[in-house]
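**Q** Please find one structure pasted underneath; my questions will follow.
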Amino acid sequence: MNVDLICPFDANRYSAARQVFVTRSGDALDDVPGSLKELARLNNFKGELGAVLVGVDGVLIGIGSGDDPFAIAAASEKLPDGDYRIDGEVTEQSLFAWLLGGYRFNRYKSHSKPFDPNDHDESGTNELPPSPCLIAPDGLDVTHACRVAEAVGLTRDLVNTPASDMLPDMLEAEARAVADEFEADVKVITGNALLKQNFPLIHTVGRASAVEPRLIEFTWGSPKAPKLTLVGKGVCFDTGGLNLKPGNSMALMKKDMGGAANTLGLARLIMSSRLNVRLRVLIPAVENAVSGASFRPGDVLSSRKGLSVEIGNTDAEGRLVLADTMEYGGEDHPDIMVTLATLTGAARIALGPEVPPVYCDDEDFVGQLLSNAEKEADPIWRMPLWKPYDKMLSSPIADINNAPATGFAGSITAALFLKRFQPKDVTWAHFDMYAWRPNAAPGRPVGGEAQAIRALFRTFSDRFGHSGN
């Protein structure tokens, strides 16, 4: 994320900056310069979402009905270089929206010609984008907006990267880079060492891959601070295993490490903001591949907790690697544990791609979380850990089945499976996220997406404060 798109308040630059007028659909434009109003008439500008019109006396940005809190990202997506200031009320969310418009995932594009905003060539050449700089009004926390944007950018980049460059070893390297930036302590358990140290489910899911499975761990913060453990599903590619996915279902499975990506983005935000927590990040990193070493439907596997698991479907692998990791994470007796995972298609059927469900039995914590989600425009929706459905996980030969035969309540039963591994007396929240945008919006291109991490960060900040160091 290009954080140079925002400049802290500078009186001279602010007064000289080109003015941006934010307009809703159908606005009369009575408060804009006459030349700009006439330009709008000549160009049939109606204030529709994402519309941008540049004139000598300012810029018009359309925000449609005004329902999209990040609509002004269209400005930084489309405007040429220069300094700008926004007419009217500007908040830290406005700064964040402006930064969102500067996001590009162009790792695999060549840069061979100057940027031309009118060039829509899709031949594979990607021009360097412009850098319109918003001069922030006095009194806004530009640093925080940049930290949030960097966390979102990191998350998106990780999800967008194809599995050819994001298998477990490469995800480990990315996690180490985040940890090293903040001098966190890193520990990684790899390959057969997982069996020796009692992580049988992680090893079993990842053993068919040419790249060894691993458990990535890092810790940061004062040992005396409240303990916060984040667990992110790191299935770097999911073929479905022997229950092989059809091609159209496999096409996006590079994003099955979206839980790990969001975990690393949130961890980066926590550490850069120096929250007063003892942070522990746990990422089981595997590829659910197909080979002679693949685990099979009908197998009965042991878990770190000692519960036996009958495999109803090898494509329900995420809950397996999370189960061992949650058991391990609970041995440290954290105050809060959060699991982030691209776990079920059922969650998308229920709530669509933009609203991840959250499962949590702690009324105070989930209430605070939902309130902050609304404040941050970071949508989540509470779903029930409906106890009567727990019987769907029963097995005639093992303690639990990983995939009920019924197609009912798939996201709920997946959460109930994880609840069997919830540490005792620990506040636990589970997010079943999509981590992907199928449709573009201002500042939010099609591709990997950060979900719930801004709501979570604000909740942790409210609860624990900052260390001040």
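Naming scheme: A, B, ... for chains in displayed order of the structure tokens; residues 1 onward per chain; ligands 1 onward as shown.
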Would you please extract all alpha helix (DSSP H) residues from range 27-78 of chain A, as assigned by DSSP on the backbone, and give them as a PyMOL selection string?
**A** chain A and resi 34-42+73-78
**Q** I'd like the neighbourhood of Pro423 in chain A as an MDAnalysis selection string, where a residue qualifies if any of its atoms comes within 10 Å (using only C-alpha atoms), though same-chain residues fewer than 6 positions away should be ignored.
**A** chainID A and resid 326:334 336:337
**Q** Neighbouring residues of Lys78 in chain A were defined as those with any atom within 10 Å, considering only C-alpha atoms; residues of the same chain fewer than 4 positions away were excluded. Please report them as an MDAnalysis selection string.
**A** chainID A and resid 50:54 73:74 101:102 117 129:132
**Q** What does the file look like for those residues with all heavy atoms, as a PDB file, in the first residue's frame?
**A**
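Final output, saved to selection.pdb:
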```
ATOM      1  N   GLY A  50     -18.019   6.378  -7.809  1.00  0.00           N
ATOM      2  CA  GLY A  50     -16.775   6.138  -8.519  1.00  0.00           C
ATOM      3  C   GLY A  50     -16.475   7.117  -9.632  1.00  0.00           C
ATOM      4  O   GLY A  50     -15.385   7.081 -10.215  1.00  0.00           O
ATOM      5  N   ALA A  51     -17.409   8.035  -9.930  1.00  0.00           N
ATOM      6  CA  ALA A  51     -17.174   9.002 -10.992  1.00  0.00           C
ATOM      7  C   ALA A  51     -16.197  10.081 -10.526  1.00  0.00           C
ATOM      8  O   ALA A  51     -16.278  10.560  -9.389  1.00  0.00           O
ATOM      9  CB  ALA A  51     -18.485   9.636 -11.428  1.00  0.00           C
ATOM     10  N   VAL A  52     -15.268  10.458 -11.388  1.00  0.00           N
ATOM     11  CA  VAL A  52     -14.266  11.477 -11.085  1.00  0.00           C
ATOM     12  C   VAL A  52     -14.201  12.454 -12.251  1.00  0.00           C
ATOM     13  O   VAL A  52     -14.087  12.035 -13.405  1.00  0.00           O
ATOM     14  CB  VAL A  52     -12.875  10.858 -10.844  1.00  0.00           C
ATOM     15  CG1 VAL A  52     -11.832  11.947 -10.601  1.00  0.00           C
ATOM     16  CG2 VAL A  52     -12.914   9.890  -9.676  1.00  0.00           C
ATOM     17  N   LEU A  53     -14.273  13.733 -11.957  1.00  0.00           N
ATOM     18  CA  LEU A  53     -14.206  14.762 -12.992  1.00  0.00           C
ATOM     19  C   LEU A  53     -13.225  15.835 -12.540  1.00  0.00           C
ATOM     20  O   LEU A  53     -13.389  16.431 -11.476  1.00  0.00           O
ATOM     21  CB  LEU A  53     -15.592  15.368 -13.222  1.00  0.00           C
ATOM     22  CG  LEU A  53     -15.737  16.364 -14.381  1.00  0.00           C
ATOM     23  CD1 LEU A  53     -15.429  15.687 -15.723  1.00  0.00           C
ATOM     24  CD2 LEU A  53     -17.127  16.966 -14.404  1.00  0.00           C
ATOM     25  N   VAL A  54     -12.207  16.077 -13.354  1.00  0.00           N
ATOM     26  CA  VAL A  54     -11.136  17.018 -12.999  1.00  0.00           C
ATOM     27  C   VAL A  54     -11.302  18.303 -13.798  1.00  0.00           C
ATOM     28  O   VAL A  54     -11.400  18.270 -15.036  1.00  0.00           O
ATOM     29  CB  VAL A  54      -9.754  16.400 -13.288  1.00  0.00           C
ATOM     30  CG1 VAL A  54      -8.648  17.375 -12.897  1.00  0.00           C
ATOM     31  CG2 VAL A  54      -9.589  15.087 -12.535  1.00  0.00           C
ATOM     32  N   ALA A  73     -12.132   6.557  -2.295  1.00  0.00           N
ATOM     33  CA  ALA A  73     -10.970   5.848  -2.830  1.00  0.00           C
ATOM     34  C   ALA A  73     -10.894   5.981  -4.339  1.00  0.00           C
ATOM     35  O   ALA A  73      -9.813   5.866  -4.930  1.00  0.00           O
ATOM     36  CB  ALA A  73     -11.015   4.377  -2.435  1.00  0.00           C
ATOM     37  N   ALA A  74     -12.035   6.219  -4.983  1.00  0.00           N
ATOM     38  CA  ALA A  74     -12.032   6.415  -6.431  1.00  0.00           C
ATOM     39  C   ALA A  74     -11.132   7.574  -6.836  1.00  0.00           C
ATOM     40  O   ALA A  74     -10.560   7.586  -7.930  1.00  0.00           O
ATOM     41  CB  ALA A  74     -13.454   6.645  -6.938  1.00  0.00           C
ATOM     42  N   GLY A 101      -7.339   3.476  -2.266  1.00  0.00           N
ATOM     43  CA  GLY A 101      -7.344   3.701  -3.708  1.00  0.00           C
ATOM     44  C   GLY A 101      -5.974   3.555  -4.341  1.00  0.00           C
ATOM     45  O   GLY A 101      -5.867   3.401  -5.562  1.00  0.00           O
ATOM     46  N   GLY A 102      -4.928   3.596  -3.532  1.00  0.00           N
ATOM     47  CA  GLY A 102      -3.580   3.455  -4.068  1.00  0.00           C
ATOM     48  C   GLY A 102      -3.081   2.031  -4.136  1.00  0.00           C
ATOM     49  O   GLY A 102      -1.939   1.789  -4.557  1.00  0.00           O
ATOM     50  N   PRO A 117      -3.094   7.523 -18.138  1.00  0.00           N
ATOM     51  CA  PRO A 117      -4.412   7.188 -17.570  1.00  0.00           C
ATOM     52  C   PRO A 117      -5.439   6.816 -18.627  1.00  0.00           C
ATOM     53  O   PRO A 117      -6.461   6.225 -18.324  1.00  0.00           O
ATOM     54  CB  PRO A 117      -4.814   8.465 -16.829  1.00  0.00           C
ATOM     55  CG  PRO A 117      -4.001   9.546 -17.450  1.00  0.00           C
ATOM     56  CD  PRO A 117      -2.712   8.912 -17.869  1.00  0.00           C
ATOM     57  N   PRO A 129       1.437   3.520 -11.374  1.00  0.00           N
ATOM     58  CA  PRO A 129       0.287   4.388 -11.123  1.00  0.00           C
ATOM     59  C   PRO A 129       0.739   5.767 -10.649  1.00  0.00           C
ATOM     60  O   PRO A 129       1.842   5.943 -10.134  1.00  0.00           O
ATOM     61  CB  PRO A 129      -0.470   3.654 -10.020  1.00  0.00           C
ATOM     62  CG  PRO A 129       0.578   2.870  -9.306  1.00  0.00           C
ATOM     63  CD  PRO A 129       1.556   2.459 -10.361  1.00  0.00           C
ATOM     64  N   PRO A 130      -0.130   6.751 -10.805  1.00  0.00           N
ATOM     65  CA  PRO A 130       0.188   8.085 -10.295  1.00  0.00           C
ATOM     66  C   PRO A 130       0.113   8.114  -8.776  1.00  0.00           C
ATOM     67  O   PRO A 130      -0.338   7.166  -8.144  1.00  0.00           O
ATOM     68  CB  PRO A 130      -0.903   8.961 -10.925  1.00  0.00           C
ATOM     69  CG  PRO A 130      -2.055   8.025 -11.104  1.00  0.00           C
ATOM     70  CD  PRO A 130      -1.446   6.687 -11.429  1.00  0.00           C
ATOM     71  N   SER A 131       0.537   9.244  -8.194  1.00  0.00           N
ATOM     72  CA  SER A 131       0.540   9.374  -6.736  1.00  0.00           C
ATOM     73  C   SER A 131      -0.120  10.682  -6.311  1.00  0.00           C
ATOM     74  O   SER A 131       0.561  11.636  -5.893  1.00  0.00           O
ATOM     75  CB  SER A 131       1.978   9.306  -6.204  1.00  0.00           C
ATOM     76  OG  SER A 131       2.557   8.058  -6.473  1.00  0.00           O
ATOM     77  N   PRO A 132      -1.440  10.744  -6.402  1.00  0.00           N
ATOM     78  CA  PRO A 132      -2.133  11.939  -5.889  1.00  0.00           C
ATOM     79  C   PRO A 132      -2.057  11.975  -4.375  1.00  0.00           C
ATOM     80  O   PRO A 132      -2.410  11.013  -3.699  1.00  0.00           O
ATOM     81  CB  PRO A 132      -3.572  11.735  -6.375  1.00  0.00           C
ATOM     82  CG  PRO A 132      -3.729  10.258  -6.507  1.00  0.00           C
ATOM     83  CD  PRO A 132      -2.381   9.735  -6.923  1.00  0.00           C
TER      84      PRO A 132
END
```
**Q** Which residues are close to range 247-258 of chain A, i.e. within 6 Å by only C-alpha atoms, leaving aside same-chain residues fewer than 3 positions away? Reply as a list in words.
**A**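 What passes the distance filter is Val159, Pro162, Ala163, Lys233, Gly234, Val235, Cys236, Phe237, Asp238, Ala261, Thr342 and Ala435 of chain A.
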**Q** What's around range 143-157 of chain A at 6 Å? Count only C-alpha atoms, leave out sequence neighbours fewer than 4 positions away in its own chain, and write the answer as a PyMOL selection string.
**A** chain A and resi 1+3+96+261-262+265+269+448-450
**Q** Produce a file of the selected residues containing C-alpha atoms, as a tab-separated table (two decimals), in the first residue's frame.
**A**
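Contents of the output file out35.tsv:
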```
chain	number	residue	atom	x	y	z
A	1	MET	CA	0.00	0.00	0.00
A	3	VAL	CA	1.30	5.37	2.23
A	96	PHE	CA	-7.81	5.20	5.09
A	261	ALA	CA	-2.80	-13.69	5.63
A	262	ASN	CA	-5.35	-11.82	7.75
A	265	GLY	CA	-1.91	-8.34	8.69
A	269	LEU	CA	-1.02	-3.73	12.98
A	448	GLY	CA	-7.53	-10.81	-1.87
A	449	GLU	CA	-9.15	-8.88	0.95
A	450	ALA	CA	-8.64	-8.15	4.64
```
**Q** Hey, can you check how far CA of Thr413 in chain A sits from CA of Leu393 in chain A?
**A**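 Rounded to one decimal, the two atoms are 7.3 Å apart.
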**Q** Take CA of Ala403 in chain A and CA of Asn313 in chain A and report the distance between them in Å, one decimal.
**A** 5.7 Å
**Q** Please identify all polymer residues within 6 Å of range 353-363 of chain A, counting only C-alpha atoms, omitting same-chain residues fewer than 5 positions from it, and present them as a VMD selection string.
**A** chain A and resid 348 379 to 383 429 to 434
**Q** Would you export the selected residues with C-alpha atoms as a JSON list (two decimals), in the first residue's frame, please?
**A**
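Below is the file part-v6.json, written as the result:
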```
[["chain", "number", "residue", "atom", "x", "y", "z"],
["A", 348, "ARG", "CA", -20.54, -17.70, 1.69],
["A", 379, "PRO", "CA", -18.74, -5.95, 8.56],
["A", 380, "ILE", "CA", -19.16, -9.19, 10.49],
["A", 381, "TRP", "CA", -22.25, -11.11, 11.57],
["A", 382, "ARG", "CA", -22.69, -13.26, 14.64],
["A", 383, "MET", "CA", -23.73, -16.87, 14.03],
["A", 429, "ALA", "CA", -13.84, -16.15, 18.65],
["A", 430, "HIS", "CA", -13.83, -17.87, 15.28],
["A", 431, "PHE", "CA", -14.15, -16.13, 11.89],
["A", 432, "ASP", "CA", -15.16, -18.09, 8.77],
["A", 433, "MET", "CA", -13.99, -15.62, 6.13],
["A", 434, "TYR", "CA", -13.81, -15.52, 2.34]]
```
**Q** Among the residues of range 184-317 of chain A, find those DSSP assigns to strand (DSSP E or B) from the backbone and print them as a PDB file with C-alpha atoms, in the first residue's frame.
**A**
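Here's the written file out-v6.pdb:
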```pdb
ATOM      1  CA  ASP A 185      10.684 -14.496  18.593  1.00  0.00           C
ATOM      2  CA  VAL A 186      10.111 -17.107  15.870  1.00  0.00           C
ATOM      3  CA  LYS A 187       9.809 -20.864  16.144  1.00  0.00           C
ATOM      4  CA  VAL A 188       8.946 -23.265  13.298  1.00  0.00           C
ATOM      5  CA  ILE A 189       8.268 -27.014  13.545  1.00  0.00           C
ATOM      6  CA  THR A 190       8.654 -28.711  10.161  1.00  0.00           C
ATOM      7  CA  ARG A 214       4.974 -26.797   9.295  1.00  0.00           C
ATOM      8  CA  LEU A 215       3.679 -24.920  12.321  1.00  0.00           C
ATOM      9  CA  ILE A 216       4.830 -21.297  12.301  1.00  0.00           C
ATOM     10  CA  GLU A 217       4.903 -19.487  15.622  1.00  0.00           C
ATOM     11  CA  PHE A 218       6.073 -16.108  16.804  1.00  0.00           C
ATOM     12  CA  THR A 219       5.643 -14.178  20.040  1.00  0.00           C
ATOM     13  CA  TRP A 220       5.944 -10.475  20.778  1.00  0.00           C
ATOM     14  CA  LYS A 227      -2.111 -12.910  26.450  1.00  0.00           C
ATOM     15  CA  LEU A 228      -3.607 -12.729  22.962  1.00  0.00           C
ATOM     16  CA  THR A 229      -3.274 -15.721  20.633  1.00  0.00           C
ATOM     17  CA  LEU A 230      -4.095 -15.487  16.919  1.00  0.00           C
ATOM     18  CA  VAL A 231      -4.480 -18.697  14.911  1.00  0.00           C
ATOM     19  CA  GLY A 232      -4.580 -18.433  11.111  1.00  0.00           C
ATOM     20  CA  GLY A 234      -2.462 -21.516   6.293  1.00  0.00           C
ATOM     21  CA  VAL A 235      -3.602 -24.008   3.644  1.00  0.00           C
ATOM     22  CA  CYS A 236      -1.485 -22.601   0.839  1.00  0.00           C
ATOM     23  CA  PHE A 237      -3.351 -24.551  -1.819  1.00  0.00           C
ATOM     24  CA  ASP A 238      -6.301 -26.878  -1.426  1.00  0.00           C
ATOM     25  CA  LEU A 275      -0.678  -2.672  21.835  1.00  0.00           C
ATOM     26  CA  ARG A 278       1.629 -10.610  24.799  1.00  0.00           C
ATOM     27  CA  LEU A 279       0.959 -11.573  21.194  1.00  0.00           C
ATOM     28  CA  ARG A 280       1.305 -15.147  20.023  1.00  0.00           C
ATOM     29  CA  VAL A 281       0.762 -15.966  16.341  1.00  0.00           C
ATOM     30  CA  LEU A 282       0.243 -19.584  15.257  1.00  0.00           C
ATOM     31  CA  ILE A 283      -0.057 -20.591  11.602  1.00  0.00           C
ATOM     32  CA  PRO A 284      -0.328 -24.234  10.519  1.00  0.00           C
ATOM     33  CA  ALA A 285       1.056 -24.030   6.968  1.00  0.00           C
ATOM     34  CA  VAL A 286       0.288 -26.945   4.635  1.00  0.00           C
ATOM     35  CA  GLU A 287      -0.621 -27.802   1.069  1.00  0.00           C
ATOM     36  CA  ASN A 288      -3.538 -30.225   0.766  1.00  0.00           C
ATOM     37  CA  VAL A 300      -9.262 -42.380  11.650  1.00  0.00           C
ATOM     38  CA  LEU A 301      -6.651 -39.887  12.814  1.00  0.00           C
ATOM     39  CA  SER A 302      -5.339 -38.961  16.221  1.00  0.00           C
ATOM     40  CA  SER A 308      -9.828 -39.459  17.427  1.00  0.00           C
ATOM     41  CA  VAL A 309     -11.185 -38.021  14.174  1.00  0.00           C
ATOM     42  CA  GLU A 310     -12.891 -39.999  11.433  1.00  0.00           C
TER      43      GLU A 310
END
```
**Q** Rank nothing, just name the residue among A:Ala17, A:Ile270, A:Met392, A:Leu416 nearest to Ile453 in chain A, using only C-alpha atoms.
**A**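 Among the listed residues, A:Ile270 lies closest to Ile453 in chain A.
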**Q** Using only C-alpha atoms, can you tell me which of A:Leu322, A:Leu95, A:Ala373, A:Ala16 comes closest to Leu201 in chain A?
**A**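 Checking each of A:Leu322, A:Leu95, A:Ala373, A:Ala16 against Leu201 in chain A, counting only C-alpha atoms, the winner is A:Leu322.
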**Q** Expressed in Å to a single decimal, how great is the separation between CA of Gly443 in chain A and CA of Gly345 in chain A?
**A**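 Between CA of Gly443 in chain A and CA of Gly345 in chain A the gap works out to 25.3 Å.
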**Q** Using only C-alpha atoms, which residue out of A:Leu456, A:Ala346, A:Val211, A:Ala341 lies closest to Asp165 in chain A?
**A**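 Distance minimum relative to Asp165 in chain A lands on A:Val211.
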**Q** Which one is closest to Leu264 in chain A: A:Ala179, A:Pro246, A:Ser291, A:Leu385? Count only C-alpha atoms.
**A** A:Ala179
**Q** So, with only C-alpha atoms as the atoms that count, which of A:Ala452, A:Val446, A:Val59, A:Leu266 lies closest to Phe105 in chain A?
**A** A:Val446
